[in-house]
Every structure is written in C-alpha cells, then in structure tokens.
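Asker: Mind having a look at this structure? Questions to follow.
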Amino acid sequence: MVLSGGGATGFAHIGVLKALEENNIPIDYITGTSAGALVGSLYAIGYSPTQIENFVLSDEFQTMAAGEIHPHQRFLFRQDDNDAGLFGISLAQENLLKKSLPTNFTSSALLDYQMLLLMGPVSASYGHHFDNLFVPFRCVASDIVTKESVILSHGHLNQAVRASMTYPFFFKPIHIDSALLFDGGLYNNFPADVMYTDFSPDFIIGSNVSYNADLPEEDDIISQLTNMLVFYSEFSLPCEEGMMIEPKTDVSSFAFRDVEKAIEDGYNETLLKIDSLKLLINRRTAKDELDQRREKFRQGIVPLTVSSISTQSDKKRVTFAGKAILKKNKREQLSSKELEKRYFRLNSAPQIEFLYPTVSLNSDSTYEMNVDIRKAKEFRLEVGGHFSSRPVTTGYVGLSYQTIGKVMTKTKLESYFGKFYGSAKAKFTLEIPAVSPVSLSGYFTMNRWDYFRSFATFFEDVKPSFLVQNEMYTGLQLDHPIGNSIKSSFDARFFELRDQYYQDDNFTNQDTADLTVFYGGSFRWTFLQNTLNRIQFASSGSYFKFSARYIIGKEHSMSGSTGLIPYDLKQEHSWLNLRLDYQTFLVDMPIFHFGVQAQVVYNNNPLFANYTATLLSMSESTLVIDSRTYFLPEYRSPQFIAGGFNSIFTVRKNLDVRVEGFIYQPFIQVNENSDGSLQLSKLFSGGTFMASSSLIYHSFIGPVRVTVNYFPEQKNPIALQFSLGYVLFNERAIR
C-alpha cells in the first residue's frame, strides 16, 4: 500500500484499508506521506482499520486536530491571572524582527503526547526499526536545506510520523539527526518509488487523494508561495503490477470534523474496484488469521512505565524539566496516567515554547523519556481591552519578561486605560522547580474606577462622575498546586483605598465630594478549581472558588458639600469575609449547554461613616458580567446568596446564543434613614434579580457580541450594547 498526503482528505485511506480487509486482501508493506504516514503507521503497529476509524472520529482526535488540550491537562497553577489581552506576540532579545515572527499557528502538544503513547512503546519494543513492525513501514519527510525528500526507516516511530506530518506554518517543525524536517508532501507526496526500491513488492495498491498545485498566477500570492515550496510529485505507480485507487471527496485539507465523510468516500471507491483487485491478487488472508497475528504482535509490546528522564535544549541544559516530571532522589516509576499529569504540567510553563517527547527501553523493561525542549522567547507583548458601544471602553497592554534555568522567573507589567477604568500593575514571580512546585510573587497595583450615571447604548456625553474609587496595594502571594486543575494561595497585602462620592444625585460642578480613606492590611487564603473552557462566556467545565479574608484597617471620612451633617471621622475596623463562587454545566451537548452559577458571601464588616461609604466596603454580586461596569447598590450587601442559570445554544461553530437569569437575595442589608443614620434590615428582605441575553461570536482574538442586560431596580432597566473583548480588571484591593 502507498498512501498519499492530503490532510483531512487523507483519512479516506482508512476507508480504503477497511474495504481491502473486509475482502481478505493482504497488506504486506506500507509507505505513506503526511496524513498517509499517520494512517499507515497506525496500521503498521497493529491497529485494524476499524480501530483507526474510531480513533480519528473520537473527541480526543478532534481536540488534537484543533490544537487544544483537555481541561484536566491544563495546569492551573501556572496560568496567569486573567487579563483583557486579545492577541500577543513573543519577542526575542536578539534578532528582534527575524526571530519574533511565529513559526506555527496550531499547538501540537496533545498530538505529540498521544503519538508518543500510541507509537513510542511499539517502536522501542521492536528495536526502533520499521521493518520489525506488524507491517514493515516507511514514511517520508522533507529537508528544506538540501531540498530533498528524506526516507525514514528507523528511529523513533512517533518522531518519524510527526516529521512527515509537519505542514509548514501549521505545526512547529522538529529535528531528526540534526536536520529540521517538514511535511513529506513538499517533495514527495506519493512515495510509490520508496515502496518499489525498499520492498520490491509483487503488487502495489496506491491510494491517492492529492494532486499537484496549479501553475502560479501573477495576482495570486498563495499559488506563488505554493509553487515555491512544493515540488512536483509523481502520482503514478513505478511498475505495471499495481492499481490506483483515487477516492473523490469534498472534504478539504483542514476539515478534520468531516473525516467520517472522507472515510466513507474511500471505502466506496475501493468497493468499485474490489473485483478487479481480486482478479489481480490471488492470495487471501482470513480475518481470524489477521486478528491472531495482531494479538501476537501486540503481546510483544512492553507496557509504558517511565523510570528516568533526560532533557535536551537548543541552548544550555534545562535542569528544571527533569525535576518537574520525576521526584528528586526517589526511584519512581510512572504509569502513563501519572506521566500525562506531570508532562502537561511541564508543558504549561510559559517559559517553555515547545516540547517533543520520545522513549527508549531500559534493560529493566522500564522506559527512559527524552524531552526535547525549546525555550520560549524572553519577552511577550499583549494588547487588547474591552471595546464597547457604551462609554466603558478600556484599552489594555501587558509586557512580560521570563527566564528559565534552575528556577523560573516571570516579571509582568500591565496597564488598563480608559475613562471608566485605569490601572497599572507590576508583578514578579519566582517558581521553585519540583513535581509539586511552589511559587512566590510580589506585586504592586493601582486601580481607578470612575462611575457616572449612564445606561447609554452608543457613544454620547455622560453626566459628571458621582463616584471615583482609587486603590493602591502591594503584597506577597504564595501559590501551590493540588492536582492539575486545583491550586491553593496564601496572600498578604497592605492597601490604601480612597473613595470620592456624592451622597445626593443633585450636585453641580461647584459642589465638593465626600472623601473616605481606608488603609490597612489583609490576609487571605483561596482554594480554586477551574476547568471552564473559556475565560468568560464559558459553555463547559466547572469552577469552584472559596476564599477567606481577614481585614484590619483605619477609616478617615470627611464630608463634602452635599451631605446632611458635616463630619470628620476616624475609626478602626476589622472584619472577616468569606466568599464562595460556583459554576458548572449540567448539560454539555454540541448544540446545547445548560449550567448553574451561584455566589455566597458572608461579611461581618462594621458600619462606616455614612451609607455610601458603608455600601462601598461591601461585596457585590456580579453574575451578569456587564454588571461590573455599573455601580448598582441593589446588588451590594454584607451577606447574600445569588444564583441562577446559563443557557447556551450553539447555532454554529463559535457562534452562541446565550440567555442567563439570576436571583439575588441578601440575608441582611444596610438601610439609610431620613436623618442619615444607618440601620440593618430584617432578614431576607430586598431580594431582586438580573438577566442577560447575548449573541456571541467567539473569534480568534476574543468574544464579539451584542447584549441586552436587564437590571429591574434601575430607572432605565434595559441596557443594550455591542462589544469586543473581555470585561476584566485587575483584582481589587479587598472588595
């Protein structure tokens, strides 16, 4: 069998193999390019066509093809705090322009790991020579330096197939024997010549779904680049003893979600020629005999148990990597399940751009895993923000610098800027390498919120600000993981809050605002579990966050010109804040998702100098994301519970209709009397709700949406907006 390249179209080869096996036609040798190399290698290691079909139709394969990893494989510990960045670029210290352009558009992290699991132990168990496989195998890759096709007949099978599949700019290329290799289809997209010279078979069956590029056109840059990169391939057999099968399919090269159609087209095309093939091929292999041979071959594979790690890098030795997978000074033997957890922990490090794993068999029947590491570029620039038809548009820029060696460090500077919100933040993180790492961060943050009374839909002048909040805080944070998707944090910070506000809506430019300054310290412990599929507007996964914070500080409040009674008050405060946030999706189907979301808050904070100052010290419910851009007193109280539903209809890929509704119920509220004094309400009074409906397109840079929000207690309860980006801010000091 000779299998051409062709991307997703190449999975028609599975249907061809399936039809041949059903008719007992034997396959003694296989050569393949790109997608043909993947299909052919799976067959060569003893997988039946049906098993290969099940694999490429699985959610696992679709996740790989999309360049994603599963939620449980993300390492929450190493994820940055969420920010409003929409796109970014990594920058190298040297040759800034030359080395900062990306070389791939899709991550191969999950693909590379799964190919290691599927092919690594087989290759090692049979001496890393492809003649020893269940079916002798060859694949081809391309050396762009020598402009030659490279025939791969031995070595690490997963590495050989990966090289053959490395379509330029889609996946990052890998080295084999110091040569940087790319997709075999560049120079030989149908390796019939390799089959003829390496194996000298009696009869060749060719399965081809590819073709040579059209001639370049003067106004078509894609056709010009294709002809520069791709050589002419001979899509014919080098001998008379053979037959070509050329499935016709409408599946395009990158339409991996349509591979079932490609398989069906390959199967049907083969059945049309099966009688002719039977006349030309006399020998038959019964299914029972084939199954027995497969079983015997698979019994010779030593199960994957990793007992040692070696690493290599394009620069100096990265000692961090080995410590991140195997515990130091312990003779561990990792099963594939434990290896997966630790491998993706290492993969999550922002200081590492790319990992490529291979395995070799030790004398004690355990394996050594070698990890080829490429460091990430030292600098990364991100820009973005939240761009809205309401007057809350905010820009964002972030610059980070990261290093890796015996320890990992990351320094990040970021800023938000806009009329509604501005912020500056600096953070330095030092991570100690280990299987269960620990990081210590020091940070400094300044925030400013400028609230004005407007439910405006489009850009327009708004009333002067009635509330301006300034925050400044600095502190230390200690993080450690509890599994891949859970982490625990301890935080201590010093803060100063400065709130300027009017206690009456009827103020003029001649009036002065009240001022409350609160400064002190806070100590917090946080437990966080997060497997949501998106930063915001998630449709699957779960989220659980519990935090306990103790706050102690001094208040200094001074009256402005709009208060009922002049005052200048100083007093000390301390209180405990407990908060729980929860979200999960009970229904997670391709076209419909249904989830529940809740917040529970307990504060025993004391009263401040006046009603507004007290209100500002309290927690708020923000289950509707856009509520974070309004000052809504009705959703603030010292103790409350809020909850409701998320209902998402996926109209087509990346396009959602989202409907949400939430009930807000305070346990107690603080009310203001006519004389300005304060009193606590009766239990469970003052409940309300909020709702939102959106049409959201999840673009490659961020969510684009049109949203209608409903806040029933407001004078204008319905608010319409168009926006691009995430409604995200730097963390508040204590609120």
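Chain identifiers are assigned as A, B, and so on, following the order in which chains appear in the structure tokens; residues are numbered from 1 within each chain, and ligands are numbered from 1 in order of appearance.
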Need to verify the contact set: Ser400 (chain A), 7 Å, only C-alpha atoms, exclusion of same-chain residues closer than 2 positions in sequence. Can you return it as a list in words?
Answerer: Phe379, Arg380, Leu381, Gly398, Gln402, Lys410, Thr411, Lys412 and Leu413 of chain A
Asker: Output the selection as a JSON list (two decimals), in the first residue's frame - all heavy atoms for each residue.
Answerer:
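File produced: out15.json:
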[["chain", "number", "residue", "atom", "x", "y", "z"],
["A", 379, "PHE", "N", 10.61, 37.85, 25.95],
["A", 379, "PHE", "CA", 9.61, 38.91, 26.12],
["A", 379, "PHE", "C", 8.31, 38.51, 25.42],
["A", 379, "PHE", "O", 8.32, 37.83, 24.40],
["A", 379, "PHE", "CB", 10.10, 40.23, 25.51],
["A", 379, "PHE", "CG", 11.25, 40.85, 26.26],
["A", 379, "PHE", "CD1", 12.55, 40.62, 25.87],
["A", 379, "PHE", "CD2", 11.01, 41.67, 27.35],
["A", 379, "PHE", "CE1", 13.61, 41.19, 26.55],
["A", 379, "PHE", "CE2", 12.06, 42.25, 28.05],
["A", 379, "PHE", "CZ", 13.37, 42.01, 27.64],
["A", 380, "ARG", "N", 7.21, 38.97, 25.99],
["A", 380, "ARG", "CA", 5.91, 38.79, 25.34],
["A", 380, "ARG", "C", 5.10, 40.07, 25.51],
["A", 380, "ARG", "O", 4.96, 40.59, 26.63],
["A", 380, "ARG", "CB", 5.15, 37.60, 25.89],
["A", 380, "ARG", "CG", 3.81, 37.38, 25.17],
["A", 380, "ARG", "CD", 3.20, 36.04, 25.43],
["A", 380, "ARG", "NE", 1.93, 35.87, 24.73],
["A", 380, "ARG", "CZ", 1.80, 35.53, 23.46],
["A", 380, "ARG", "NH1", 2.89, 35.31, 22.74],
["A", 380, "ARG", "NH2", 0.62, 35.40, 22.90],
["A", 381, "LEU", "N", 4.55, 40.54, 24.41],
["A", 381, "LEU", "CA", 3.72, 41.74, 24.40],
["A", 381, "LEU", "C", 2.29, 41.35, 24.08],
["A", 381, "LEU", "O", 2.04, 40.64, 23.10],
["A", 381, "LEU", "CB", 4.24, 42.74, 23.36],
["A", 381, "LEU", "CG", 3.42, 44.02, 23.17],
["A", 381, "LEU", "CD1", 3.48, 44.90, 24.41],
["A", 381, "LEU", "CD2", 3.91, 44.79, 21.93],
["A", 398, "GLY", "N", 0.13, 44.69, 28.01],
["A", 398, "GLY", "CA", 0.93, 43.96, 29.02],
["A", 398, "GLY", "C", 2.24, 43.52, 28.41],
["A", 398, "GLY", "O", 2.30, 43.09, 27.26],
["A", 402, "GLN", "N", 10.52, 36.66, 30.95],
["A", 402, "GLN", "CA", 10.58, 35.39, 31.67],
["A", 402, "GLN", "C", 11.91, 34.70, 31.44],
["A", 402, "GLN", "O", 12.52, 34.82, 30.38],
["A", 402, "GLN", "CB", 9.43, 34.49, 31.22],
["A", 402, "GLN", "CG", 9.32, 34.32, 29.73],
["A", 402, "GLN", "CD", 7.92, 33.93, 29.29],
["A", 402, "GLN", "OE1", 6.95, 34.11, 30.00],
["A", 402, "GLN", "NE2", 7.81, 33.39, 28.09],
["A", 410, "LYS", "N", 9.28, 35.22, 36.28],
["A", 410, "LYS", "CA", 8.46, 35.98, 35.34],
["A", 410, "LYS", "C", 8.16, 37.35, 35.92],
["A", 410, "LYS", "O", 7.72, 37.46, 37.07],
["A", 410, "LYS", "CB", 7.15, 35.25, 35.03],
["A", 410, "LYS", "CG", 6.31, 35.96, 33.97],
["A", 410, "LYS", "CD", 5.15, 35.10, 33.51],
["A", 410, "LYS", "CE", 4.40, 35.79, 32.37],
["A", 410, "LYS", "NZ", 3.29, 34.95, 31.85],
["A", 411, "THR", "N", 8.43, 38.37, 35.14],
["A", 411, "THR", "CA", 8.12, 39.74, 35.51],
["A", 411, "THR", "C", 7.09, 40.28, 34.53],
["A", 411, "THR", "O", 7.30, 40.18, 33.31],
["A", 411, "THR", "CB", 9.37, 40.62, 35.48],
["A", 411, "THR", "OG1", 10.37, 40.06, 36.33],
["A", 411, "THR", "CG2", 9.05, 42.03, 35.95],
["A", 412, "LYS", "N", 6.00, 40.82, 35.04],
["A", 412, "LYS", "CA", 4.95, 41.30, 34.15],
["A", 412, "LYS", "C", 4.51, 42.70, 34.55],
["A", 412, "LYS", "O", 4.22, 42.97, 35.71],
["A", 412, "LYS", "CB", 3.74, 40.36, 34.17],
["A", 412, "LYS", "CG", 2.66, 40.71, 33.15],
["A", 412, "LYS", "CD", 1.59, 39.66, 33.06],
["A", 412, "LYS", "CE", 0.58, 39.98, 31.96],
["A", 412, "LYS", "NZ", -0.48, 38.96, 31.86],
["A", 413, "LEU", "N", 4.49, 43.59, 33.55],
["A", 413, "LEU", "CA", 3.98, 44.94, 33.71],
["A", 413, "LEU", "C", 2.74, 45.07, 32.84],
["A", 413, "LEU", "O", 2.76, 44.68, 31.66],
["A", 413, "LEU", "CB", 5.02, 45.98, 33.29],
["A", 413, "LEU", "CG", 6.41, 45.87, 33.95],
["A", 413, "LEU", "CD1", 7.36, 46.88, 33.32],
["A", 413, "LEU", "CD2", 6.31, 46.09, 35.45]]
Asker: Out of region 202-433 of chain A, which residues get strand (DSSP E or B) from DSSP, as a ChimeraX atom specification?
Answerer: /A:204-207,217,220,242-245,306-313,334,352-361,367-375,379-388,394-404,408-417,421-432
Asker: Contacts of region 148-153 of chain A at 7 Å or less, counting only C-alpha atoms, minus same-chain residues fewer than 3 places along, as a ChimeraX atom specification?
Answerer: /A:129-130,138-144,160,184,187-188
